[in-house]
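Raw contents of query.cif, mmCIF, C-alpha atoms:
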```
data_query
loop_
_atom_site.label_atom_id
_atom_site.label_comp_id
_atom_site.auth_asym_id
_atom_site.auth_seq_id
_atom_site.Cartn_x
_atom_site.Cartn_y
_atom_site.Cartn_z
CA MET A 1109 -56.62 53.92 54.06
CA ARG A 1110 -58.36 54.59 50.83
CA TYR A 1111 -55.80 52.32 49.12
CA VAL A 1112 -56.79 49.50 51.45
CA TYR A 1113 -60.46 49.97 50.56
CA PHE A 1114 -59.55 50.14 46.90
CA ALA A 1115 -57.56 46.91 47.17
CA THR A 1116 -60.46 45.23 49.02
CA PHE A 1117 -62.86 46.35 46.33
CA LEU A 1118 -60.56 44.99 43.63
CA LEU A 1119 -60.21 41.68 45.45
CA THR A 1120 -63.99 41.40 45.88
CA ALA A 1121 -64.54 42.20 42.22
CA LEU A 1122 -61.92 39.61 41.28
CA ALA A 1123 -63.54 36.98 43.53
CA VAL A 1124 -66.99 37.65 42.06
CA GLY A 1125 -65.44 37.56 38.60
CA ILE A 1126 -63.93 34.14 39.25
CA LEU A 1127 -66.78 32.60 41.25
CA GLY A 1128 -69.59 34.04 39.17
CA PHE A 1129 -73.19 34.16 40.34
CA ARG A 1130 -75.70 31.64 41.64
CA GLY A 1131 -77.25 29.50 38.96
CA CYS A 1132 -74.45 29.78 36.41
CA THR A 1133 -74.28 26.64 34.29
CA SER A 1134 -71.13 24.64 34.86
CA GLN A 1135 -69.77 21.27 33.77
CA ARG A 1136 -67.69 20.86 36.90
CA PRO A 1137 -69.16 18.62 39.62
CA PRO A 1138 -70.32 20.41 42.79
CA LEU A 1139 -67.71 21.04 45.48
CA GLU A 1140 -67.87 18.74 48.49
CA VAL A 1141 -66.17 20.08 51.58
CA PHE A 1142 -66.18 16.84 53.59
CA PRO A 1143 -66.15 14.21 50.86
CA ASP A 1144 -65.70 11.35 53.32
CA MET A 1145 -69.10 12.13 54.79
CA ASP A 1146 -70.77 12.89 51.48
CA ARG A 1147 -69.42 9.71 49.89
CA GLN A 1148 -69.46 6.90 52.40
CA PRO A 1149 -68.06 3.49 51.51
CA HIS A 1150 -71.28 1.72 50.63
CA TYR A 1151 -72.97 0.73 47.41
CA LEU A 1152 -75.91 2.58 45.93
CA ALA A 1153 -78.41 1.37 43.36
CA GLN A 1154 -76.92 1.39 39.84
CA GLY A 1155 -73.60 2.33 41.40
CA ALA A 1156 -70.08 1.30 40.47
CA SER A 1157 -67.76 -1.07 42.27
CA PRO A 1158 -64.09 -1.62 41.49
CA PHE A 1159 -64.31 -4.94 43.34
CA PHE A 1160 -66.27 -6.84 40.71
CA ALA A 1161 -64.87 -7.63 37.29
CA ASP A 1162 -67.76 -5.97 35.46
CA GLY A 1163 -67.45 -2.81 37.59
CA ARG A 1164 -71.06 -2.91 38.75
CA ALA A 1165 -72.35 -2.79 42.30
CA ASP A 1166 -75.69 -4.32 41.24
CA ARG A 1167 -75.13 -8.06 41.09
CA PRO A 1168 -77.00 -10.29 38.65
CA LEU A 1169 -78.78 -13.29 40.17
CA PRO A 1170 -76.82 -16.53 39.77
CA PRO A 1171 -78.58 -18.84 37.31
CA GLY A 1172 -81.38 -20.90 38.79
CA VAL A 1173 -81.93 -18.64 41.80
CA VAL A 1174 -85.56 -17.95 42.72
CA ALA A 1175 -86.15 -15.07 45.06
CA ARG A 1176 -88.64 -15.54 47.89
CA GLY A 1177 -92.16 -15.08 46.55
CA GLU A 1178 -90.95 -15.11 42.94
CA LEU A 1179 -91.50 -18.75 42.06
CA ARG A 1180 -94.04 -17.81 39.39
CA ALA A 1181 -95.38 -21.35 39.06
CA ASN A 1182 -98.82 -20.12 37.99
CA ALA A 1183 -98.47 -20.40 34.20
CA SER A 1184 -101.79 -18.75 33.38
CA PHE A 1185 -100.94 -15.63 35.39
CA TYR A 1186 -97.23 -15.33 34.58
CA GLU A 1187 -97.12 -16.70 31.04
CA GLY A 1188 -100.68 -16.40 29.77
CA LYS A 1189 -100.80 -20.15 29.09
CA THR A 1190 -103.32 -22.73 30.15
CA ALA A 1191 -102.44 -26.15 31.60
CA ASN A 1192 -102.54 -27.79 28.16
CA GLY A 1193 -100.27 -25.18 26.57
CA GLY A 1194 -102.91 -23.03 24.85
CA TRP A 1195 -103.34 -19.31 25.37
CA VAL A 1196 -105.47 -18.05 28.21
CA ILE A 1197 -108.75 -16.55 27.02
CA GLY A 1198 -110.14 -13.86 29.25
CA MET A 1199 -108.34 -12.95 32.47
CA PRO A 1200 -106.47 -15.56 34.55
CA GLU A 1201 -107.69 -16.49 38.00
CA GLY A 1202 -107.00 -14.01 40.74
CA ILE A 1203 -107.70 -10.93 38.66
CA THR A 1204 -110.87 -8.96 39.12
CA VAL A 1205 -111.66 -6.58 36.32
CA ASP A 1206 -113.12 -3.49 37.95
CA ALA A 1207 -112.93 0.25 37.39
CA GLN A 1208 -109.69 0.54 39.34
CA PHE A 1209 -108.06 -2.23 37.31
CA MET A 1210 -109.12 -0.57 34.04
CA LYS A 1211 -107.82 2.77 35.26
CA ARG A 1212 -104.49 1.16 36.09
CA GLY A 1213 -104.46 -0.35 32.60
CA ARG A 1214 -105.16 3.01 30.96
CA ASP A 1215 -102.50 4.66 33.05
CA ARG A 1216 -99.83 2.04 32.19
CA TYR A 1217 -100.94 1.98 28.53
CA GLN A 1218 -100.54 5.72 28.23
CA ILE A 1219 -97.03 5.61 29.66
CA TYR A 1220 -95.54 2.61 27.91
CA CYS A 1221 -97.63 1.89 24.82
CA THR A 1222 -98.87 5.25 23.50
CA PRO A 1223 -95.51 6.36 22.02
CA CYS A 1224 -95.84 3.68 19.31
CA HIS A 1225 -99.39 2.32 19.43
CA GLY A 1226 -101.11 5.67 19.85
CA ALA A 1227 -103.71 6.74 22.37
CA LEU A 1228 -106.44 4.93 20.38
CA GLY A 1229 -104.47 1.77 19.71
CA ASP A 1230 -104.53 2.49 15.98
CA GLY A 1231 -100.75 2.29 15.61
CA HIS A 1232 -100.36 6.00 14.97
CA GLY A 1233 -98.10 6.87 17.87
CA ILE A 1234 -95.61 9.72 17.76
CA THR A 1235 -92.85 7.32 16.67
CA LYS A 1236 -94.64 6.73 13.35
CA LEU A 1237 -93.65 10.25 12.32
CA TYR A 1238 -90.01 9.37 12.93
CA GLY A 1239 -89.83 6.16 10.95
CA MET A 1240 -91.44 3.46 13.08
CA GLY A 1241 -93.65 2.36 10.23
CA ALA A 1242 -94.76 -1.16 11.05
CA THR A 1243 -96.80 -0.61 14.23
CA PRO A 1244 -100.10 -2.45 13.61
CA THR A 1245 -103.52 -1.29 14.66
CA TYR A 1246 -105.19 -3.24 17.46
CA ASN A 1247 -108.53 -2.79 15.82
CA ASP A 1248 -108.38 -5.30 12.98
CA ASP A 1249 -109.92 -8.77 13.17
CA ARG A 1250 -106.60 -10.51 13.70
CA LEU A 1251 -105.86 -8.74 16.97
CA VAL A 1252 -109.45 -8.54 18.16
CA LYS A 1253 -109.65 -12.34 17.90
CA MET A 1254 -106.20 -12.94 19.39
CA ALA A 1255 -106.34 -14.68 22.79
CA ASP A 1256 -105.68 -12.50 25.82
CA GLY A 1257 -102.84 -14.77 26.84
CA GLU A 1258 -101.10 -14.15 23.53
CA LEU A 1259 -101.37 -10.37 23.99
CA PHE A 1260 -99.89 -10.87 27.45
CA ASN A 1261 -97.11 -12.93 25.93
CA THR A 1262 -96.33 -10.19 23.41
CA ILE A 1263 -95.96 -7.60 26.17
CA THR A 1264 -93.78 -10.01 28.15
CA HIS A 1265 -91.46 -11.16 25.38
CA GLY A 1266 -91.97 -8.67 22.58
CA LYS A 1267 -92.72 -9.54 18.99
CA ASN A 1268 -91.01 -8.65 15.70
CA THR A 1269 -89.53 -5.17 16.24
CA MET A 1270 -91.24 -4.68 19.61
CA MET A 1271 -89.00 -5.57 22.52
CA SER A 1272 -89.98 -7.00 25.88
CA TYR A 1273 -91.74 -4.71 28.34
CA ALA A 1274 -91.43 -7.19 31.18
CA ASP A 1275 -88.89 -4.97 32.92
CA LYS A 1276 -91.32 -2.04 32.93
CA LEU A 1277 -94.67 -3.75 33.55
CA GLU A 1278 -95.32 -6.14 36.42
CA PRO A 1279 -97.39 -9.21 35.39
CA SER A 1280 -100.55 -7.77 36.98
CA ASP A 1281 -99.96 -4.49 35.13
CA ARG A 1282 -99.56 -6.40 31.86
CA TRP A 1283 -102.98 -7.97 32.38
CA ALA A 1284 -104.37 -4.53 33.14
CA VAL A 1285 -102.93 -3.28 29.85
CA VAL A 1286 -104.48 -6.27 28.03
CA ALA A 1287 -107.85 -5.37 29.57
CA TYR A 1288 -107.45 -1.75 28.48
CA VAL A 1289 -106.49 -2.80 24.95
CA ARG A 1290 -109.74 -4.78 24.83
CA ALA A 1291 -111.58 -1.62 25.91
CA LEU A 1292 -109.87 0.37 23.14
CA GLN A 1293 -110.85 -2.26 20.57
CA ARG A 1294 -114.43 -2.15 21.73
CA ALA A 1295 -114.48 1.64 21.61
CA GLN A 1296 -112.90 1.82 18.16
CA ARG A 1297 -115.18 -0.81 16.67
CA GLY A 1298 -118.27 0.47 18.41
CA LYS A 1299 -121.46 1.18 16.44
CA VAL A 1300 -124.21 3.66 17.01
CA GLU A 1301 -126.42 0.84 18.28
CA ASP A 1302 -123.94 0.14 21.11
CA VAL A 1303 -124.65 3.55 22.61
CA PRO A 1304 -127.78 3.51 24.78
CA ALA A 1305 -130.46 5.73 23.21
CA SER A 1306 -130.47 8.01 26.24
CA HIS A 1307 -126.79 8.90 25.77
CA ARG A 1308 -126.72 9.41 22.00
CA ALA A 1309 -127.54 13.08 22.19
CA GLU A 1310 -124.43 13.70 24.32
CA LEU A 1311 -122.30 12.40 21.46
CA GLY A 1312 -124.19 14.40 18.86
CA ILE A 1313 -125.60 11.34 17.08
CA GLN A 1314 -129.19 10.56 16.29
CA MET B 23 -37.04 65.74 67.51
CA SER B 24 -39.11 64.97 64.48
CA LYS B 25 -42.42 63.20 64.95
CA LEU B 26 -42.34 59.46 64.27
CA PHE B 27 -46.03 59.37 63.43
CA PRO B 28 -47.96 62.06 61.62
CA LYS B 29 -51.03 63.44 63.31
CA SER B 30 -53.37 61.43 61.10
CA ALA B 31 -52.11 58.28 62.82
CA ASN B 32 -54.34 59.17 65.78
CA ARG B 33 -57.38 58.21 63.72
CA LEU B 34 -55.86 54.94 62.58
CA PRO B 35 -57.14 52.59 65.33
CA LEU B 36 -60.75 53.64 64.66
CA GLN B 37 -60.24 53.35 60.91
CA ILE B 38 -58.84 49.86 61.30
CA VAL B 39 -61.83 48.82 63.41
CA ILE B 40 -64.24 50.23 60.81
CA TYR B 41 -62.33 48.46 58.05
CA LEU B 42 -62.45 45.14 59.89
CA VAL B 43 -66.22 45.52 60.31
CA VAL B 44 -66.59 46.19 56.58
CA LEU B 45 -64.33 43.24 55.74
CA GLY B 46 -66.29 41.02 58.12
CA GLY B 47 -69.47 42.08 56.34
CA ILE B 48 -68.03 41.23 52.96
CA VAL B 49 -66.80 37.82 54.14
CA THR B 50 -70.17 37.05 55.76
CA ALA B 51 -72.07 38.11 52.65
CA ALA B 52 -69.75 36.06 50.43
CA THR B 53 -70.13 32.97 52.62
CA THR B 54 -73.91 33.29 52.71
CA TYR B 55 -74.02 33.72 48.97
CA TYR B 56 -71.43 31.18 47.87
CA ALA B 57 -71.14 28.47 50.55
CA THR B 58 -74.62 27.08 49.97
CA PRO B 59 -76.07 24.50 47.57
CA LYS B 60 -77.88 27.35 45.82
CA TYR B 61 -74.48 28.29 44.43
CA ILE B 62 -72.54 25.04 44.73
CA ARG B 63 -75.02 22.62 43.15
CA VAL B 64 -77.40 24.68 41.05
CA GLY B 65 -76.28 24.90 37.45
CA TYR B 66 -74.35 21.62 37.32
CA ALA B 67 -74.83 20.29 33.81
CA PRO B 68 -72.27 17.56 33.06
CA VAL B 69 -71.42 16.36 29.58
CA GLN B 70 -73.13 13.01 29.01
CA PRO B 71 -71.78 10.12 26.89
CA VAL B 72 -74.76 10.62 24.55
CA GLU B 73 -76.23 14.02 23.90
CA PHE B 74 -79.68 12.93 25.01
CA SER B 75 -82.22 15.74 24.84
CA HIS B 76 -84.99 15.63 27.43
CA ALA B 77 -86.52 18.63 25.65
CA LEU B 78 -87.05 16.50 22.55
CA HIS B 79 -88.10 13.21 24.16
CA ALA B 80 -90.11 14.38 27.17
CA GLY B 81 -91.10 17.77 25.78
CA ASN B 82 -91.78 17.58 22.04
CA LEU B 83 -92.55 13.88 21.75
CA GLY B 84 -94.51 13.85 25.00
CA ILE B 85 -93.04 10.61 26.32
CA ASP B 86 -93.92 10.16 29.98
CA CYS B 87 -91.01 10.42 32.45
CA ARG B 88 -91.85 6.92 33.66
CA TYR B 89 -91.34 5.36 30.23
CA CYS B 90 -87.61 5.48 30.95
CA HIS B 91 -87.45 6.08 34.70
CA SER B 92 -89.73 3.12 35.13
CA ASN B 93 -89.00 2.21 38.75
CA VAL B 94 -89.65 5.62 40.21
CA GLU B 95 -93.05 4.54 41.55
CA LYS B 96 -91.81 1.26 42.97
CA SER B 97 -88.39 2.05 44.32
CA GLY B 98 -86.61 4.63 46.40
CA HIS B 99 -84.12 4.94 43.58
CA SER B 100 -85.31 6.43 40.31
CA ASN B 101 -83.47 4.37 37.76
CA VAL B 102 -81.44 5.48 34.80
CA PRO B 103 -82.95 3.50 31.92
CA THR B 104 -81.40 0.37 30.50
CA SER B 105 -79.99 0.63 27.00
CA GLN B 106 -82.82 -1.66 25.90
CA THR B 107 -85.21 1.17 26.74
CA CYS B 108 -83.41 3.35 24.19
CA MET B 109 -83.32 0.49 21.69
CA ASN B 110 -87.11 0.02 21.94
CA CYS B 111 -87.28 2.88 19.45
CA HIS B 112 -83.70 3.36 18.30
CA SER B 113 -83.37 -0.13 16.87
CA ILE B 114 -85.44 1.37 14.05
CA ILE B 115 -85.41 5.16 14.42
CA LYS B 116 -81.96 6.61 13.68
CA ALA B 117 -80.61 3.09 13.96
CA ASN B 118 -77.25 4.04 12.44
CA SER B 119 -76.73 7.40 14.11
CA PRO B 120 -73.10 7.76 15.26
CA GLN B 121 -74.48 9.66 18.28
CA LEU B 122 -76.11 6.45 19.50
CA GLU B 123 -73.00 4.27 19.19
CA PRO B 124 -72.50 4.02 23.01
CA ILE B 125 -76.12 2.81 23.34
CA ARG B 126 -75.74 0.13 20.68
CA GLU B 127 -72.45 -0.94 22.18
CA SER B 128 -74.02 -1.24 25.64
CA PHE B 129 -77.01 -3.12 24.26
CA ALA B 130 -74.72 -5.61 22.54
CA SER B 131 -72.23 -6.08 25.38
CA GLY B 132 -74.50 -5.70 28.40
CA ASP B 133 -72.17 -3.16 30.01
CA PRO B 134 -73.92 0.01 31.21
CA VAL B 135 -73.68 3.32 29.39
CA PRO B 136 -71.50 5.56 31.59
CA TRP B 137 -74.15 8.23 32.21
CA VAL B 138 -73.08 10.97 34.60
CA ASN B 139 -75.25 11.40 37.66
CA VAL B 140 -76.50 14.99 37.90
CA HIS B 141 -78.45 15.01 41.17
CA VAL B 142 -76.15 13.33 43.66
CA MET B 143 -77.38 13.50 47.23
CA PRO B 144 -74.82 13.18 50.02
CA ASN B 145 -74.84 9.65 51.42
CA TYR B 146 -76.03 10.81 54.84
CA VAL B 147 -79.39 11.81 53.36
CA TYR B 148 -82.19 9.32 52.84
CA PHE B 149 -84.53 10.14 50.00
CA ASN B 150 -87.21 7.85 48.61
CA HIS B 151 -88.65 8.68 45.19
CA SER B 152 -91.63 6.32 45.36
CA VAL B 153 -93.24 7.80 48.49
CA HIS B 154 -93.02 11.30 47.06
CA VAL B 155 -94.43 10.34 43.66
CA ALA B 156 -97.19 8.22 45.23
CA ARG B 157 -98.37 11.21 47.26
CA GLY B 158 -98.41 13.63 44.38
CA VAL B 159 -95.10 15.45 44.68
CA SER B 160 -94.33 16.17 41.04
CA CYS B 161 -90.91 15.56 39.49
CA VAL B 162 -90.82 19.27 38.68
CA GLU B 163 -90.65 20.28 42.34
CA CYS B 164 -87.10 18.96 42.72
CA HIS B 165 -85.87 18.63 39.13
CA GLY B 166 -87.33 21.69 37.42
CA ARG B 167 -88.61 21.74 33.86
CA VAL B 168 -86.56 18.82 32.60
CA ASP B 169 -88.94 18.66 29.62
CA GLN B 170 -87.42 21.94 28.42
CA MET B 171 -83.77 21.02 28.98
CA GLU B 172 -81.52 20.13 26.06
CA VAL B 173 -78.89 19.20 28.62
CA VAL B 174 -80.06 18.26 32.11
CA ARG B 175 -79.06 20.87 34.61
CA HIS B 176 -79.22 20.84 38.39
CA GLU B 177 -82.06 23.33 38.74
CA LYS B 178 -82.95 23.30 42.45
CA PRO B 179 -80.52 23.46 45.37
CA LEU B 180 -81.80 20.23 47.04
CA SER B 181 -80.41 21.62 50.27
CA MET B 182 -81.79 20.78 53.70
CA GLY B 183 -83.68 24.07 53.76
CA PHE B 184 -85.17 23.20 50.37
CA CYS B 185 -86.47 19.86 51.69
CA LEU B 186 -87.81 21.43 54.89
CA ASP B 187 -89.65 24.24 53.06
CA CYS B 188 -91.81 21.54 51.53
CA HIS B 189 -92.00 19.27 54.56
CA ARG B 190 -93.32 22.19 56.61
CA ALA B 191 -95.95 23.22 54.04
CA PRO B 192 -96.75 20.20 51.84
CA GLU B 193 -100.10 21.71 50.76
CA LYS B 194 -98.20 24.10 48.51
CA VAL B 195 -97.02 21.32 46.20
CA LEU B 196 -99.24 18.23 46.55
CA ARG B 197 -101.29 17.42 43.47
CA SER B 198 -103.27 14.47 42.20
CA PRO B 199 -100.80 11.57 41.69
CA GLU B 200 -102.09 11.25 38.13
CA LEU B 201 -100.45 14.58 37.34
CA VAL B 202 -97.00 14.00 38.84
CA THR B 203 -95.27 13.69 35.49
CA LYS B 204 -97.10 16.64 33.89
CA LEU B 205 -94.29 19.09 34.43
CA ASP B 206 -96.13 22.06 32.96
CA TRP B 207 -99.20 21.59 35.18
CA VAL B 208 -100.07 24.35 37.61
CA HIS B 209 -103.30 24.52 39.56
CA PRO B 210 -105.90 26.18 37.30
CA LYS B 211 -107.03 28.38 40.19
CA GLY B 212 -103.53 29.53 41.02
CA MET B 213 -101.79 29.37 44.37
CA GLN B 214 -105.01 29.77 46.35
CA GLY B 215 -106.64 26.79 44.64
CA GLN B 216 -103.42 24.80 45.03
CA ILE B 217 -103.35 25.39 48.79
CA GLU B 218 -107.06 24.55 49.15
CA ASP B 219 -106.69 21.27 47.25
CA GLY B 220 -103.31 20.61 48.86
CA LYS B 221 -104.86 20.84 52.32
CA LYS B 222 -107.47 18.31 51.24
CA PHE B 223 -104.75 15.89 50.09
CA VAL B 224 -102.80 16.42 53.32
CA HIS B 225 -105.93 15.57 55.33
CA ASP B 226 -107.25 12.70 53.21
CA TRP B 227 -103.93 10.90 52.88
CA ASN B 228 -102.77 11.78 56.39
CA VAL B 229 -99.60 13.33 54.98
CA LYS B 230 -97.12 13.95 57.78
CA PRO B 231 -93.75 14.75 56.25
CA PRO B 232 -91.07 14.20 58.90
CA GLN B 233 -89.31 17.25 60.24
CA SER B 234 -87.20 15.44 62.81
CA CYS B 235 -83.53 14.76 62.10
CA SER B 236 -83.99 11.01 61.83
CA GLY B 237 -86.63 11.39 59.11
CA CYS B 238 -83.91 11.90 56.54
CA HIS B 239 -80.62 11.26 58.40
CA ARG B 240 -81.24 7.66 59.26
#
```

Re-express the file's structure as structure tokens.
Amino acid sequence: MRYVYFATFLLTALAVGILGFRGCTSQRPPLEVFPDMDRQPHYLAQGASPFFADGRADRPLPPGVVARGELRANASFYEGKTANGGWVIGMPEGITVDAQFMKRGRDRYQIYCTPCHGALGDGHGITKLYGMGATPTYNDDRLVKMADGELFNTITHGKNTMMSYADKLEPSDRWAVVAYVRALQRAQRGKVEDVPASHRAELGIQ
Amino acid sequence: MSKLFPKSANRLPLQIVIYLVVLGGIVTAATTYYATPKYIRVGYAPVQPVEFSHALHAGNLGIDCRYCHSNVEKSGHSNVPTSQTCMNCHSIIKANSPQLEPIRESFASGDPVPWVNVHVMPNYVYFNHSVHVARGVSCVECHGRVDQMEVVRHEKPLSMGFCLDCHRAPEKVLRSPELVTKLDWVHPKGMQGQIEDGKKFVHDWNVKPPQSCSGCHR
């Protein structure tokens, strides 16, 4: 009997030796016992399909197709342009600039813009340390005087080495970012006189 | 006549029963330990077409998770970024790195980079990223400290029990939605403060995570 126990012990040790412990790092995909239930024949987002020539389950829209609610005829809101082709100055119709809108702008700015433009909009983002040298500051006269619609256009289509952020920022979010950039410019170019006298002590200025 | 069986054979039936009980115990223990996502899924770290380091990009550089996984707040599916997202920086930074050849190729041709999916839910499970993120369930709860991973590794079991632990006691994990991508954040007052604030979120937002079968198996 003791041989049987010994053999069992050896087999257990062997099994543990082969299977390892929980949490061991492995490059092999996880085992699926009933793969036909785990992997059902339907397409998932960003999935693959052997049916289409390009191998993708996500299908591009055929040219000229406009999805319901995506006509985007309002040029001032979607392109930052006025009826006569100039840039929109201020915010287009339909946008109310309030605290929530500014907060949204700050939030989106900090996700998508900070890596290059920096938290202050001075162009000293983290990427500058790695060779992205040409990021301008928002706080010079050129960009302070630039029309809001043109800033919107830059986010939408990119400019010079900056690529389009239209896939990451919805049009309303782009306007929110424009509004927040304006707030950054105002903060960075602020003077002592702009601070109400009652609040100067909080900032340690006379 | 010589004895066919020695005297010790009398004890054999009992010994066999005892052995079978021991063997049953071992098999049960092994099944409990091995036949669960805690063993099967945790630790999966596939080789990716590009050795992208989350530890560098999300950790050291401090890039927000949503910079690349930009649809996570809008969509049930948290997207793998387009190659343009990489090229936003890598058209200038390390623009000629041989490591990044698959990215440049994808950017030029339009064909996707063949990234390997790490967290693959079975198809009979419905999971929606946006509702979780919108209600302050941090990425870290299901994905672990991705900001410290050189190679992304399946850190949590994502088993049914794992989902239900949270669905039964959401106050243990809910945080302000502004902090969802701060993977190193823990409540400054510890677990007690977390549960106090969590209960407030559960009440204010009317959080009722489904515990019925059809909540997730729909």

Using only C-alpha atoms and a distance of at most 6 Å, pull out the residues of chain A that contact chain B, as a ChimeraX atom specification.
/A:1130-1135,1138,1146-1147,1219-1220,1239,1271,1276

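The interatomic distance for the pair atom CA of Gly1188 of chain A and atom CA of Val1286 of chain A works out to 11.0 Å.
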
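As for atom CA of Asn1182 of chain A and atom CA of Tyr1217 of chain A, they are spaced 24.1 Å apart.
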
Let me know the residues the PyMOL selection byres ((chain B and resi 240) around 9) catches in the file above, as a ChimeraX atom specification.
/B:146-148,235-239

Just say which residues the PyMOL selection byres ((chain B and resi 162-168) around 7) picks in this file, as number ranges by chain.
B: 76-77, 159-161, 169-171, 174, 177-178, 180, 205
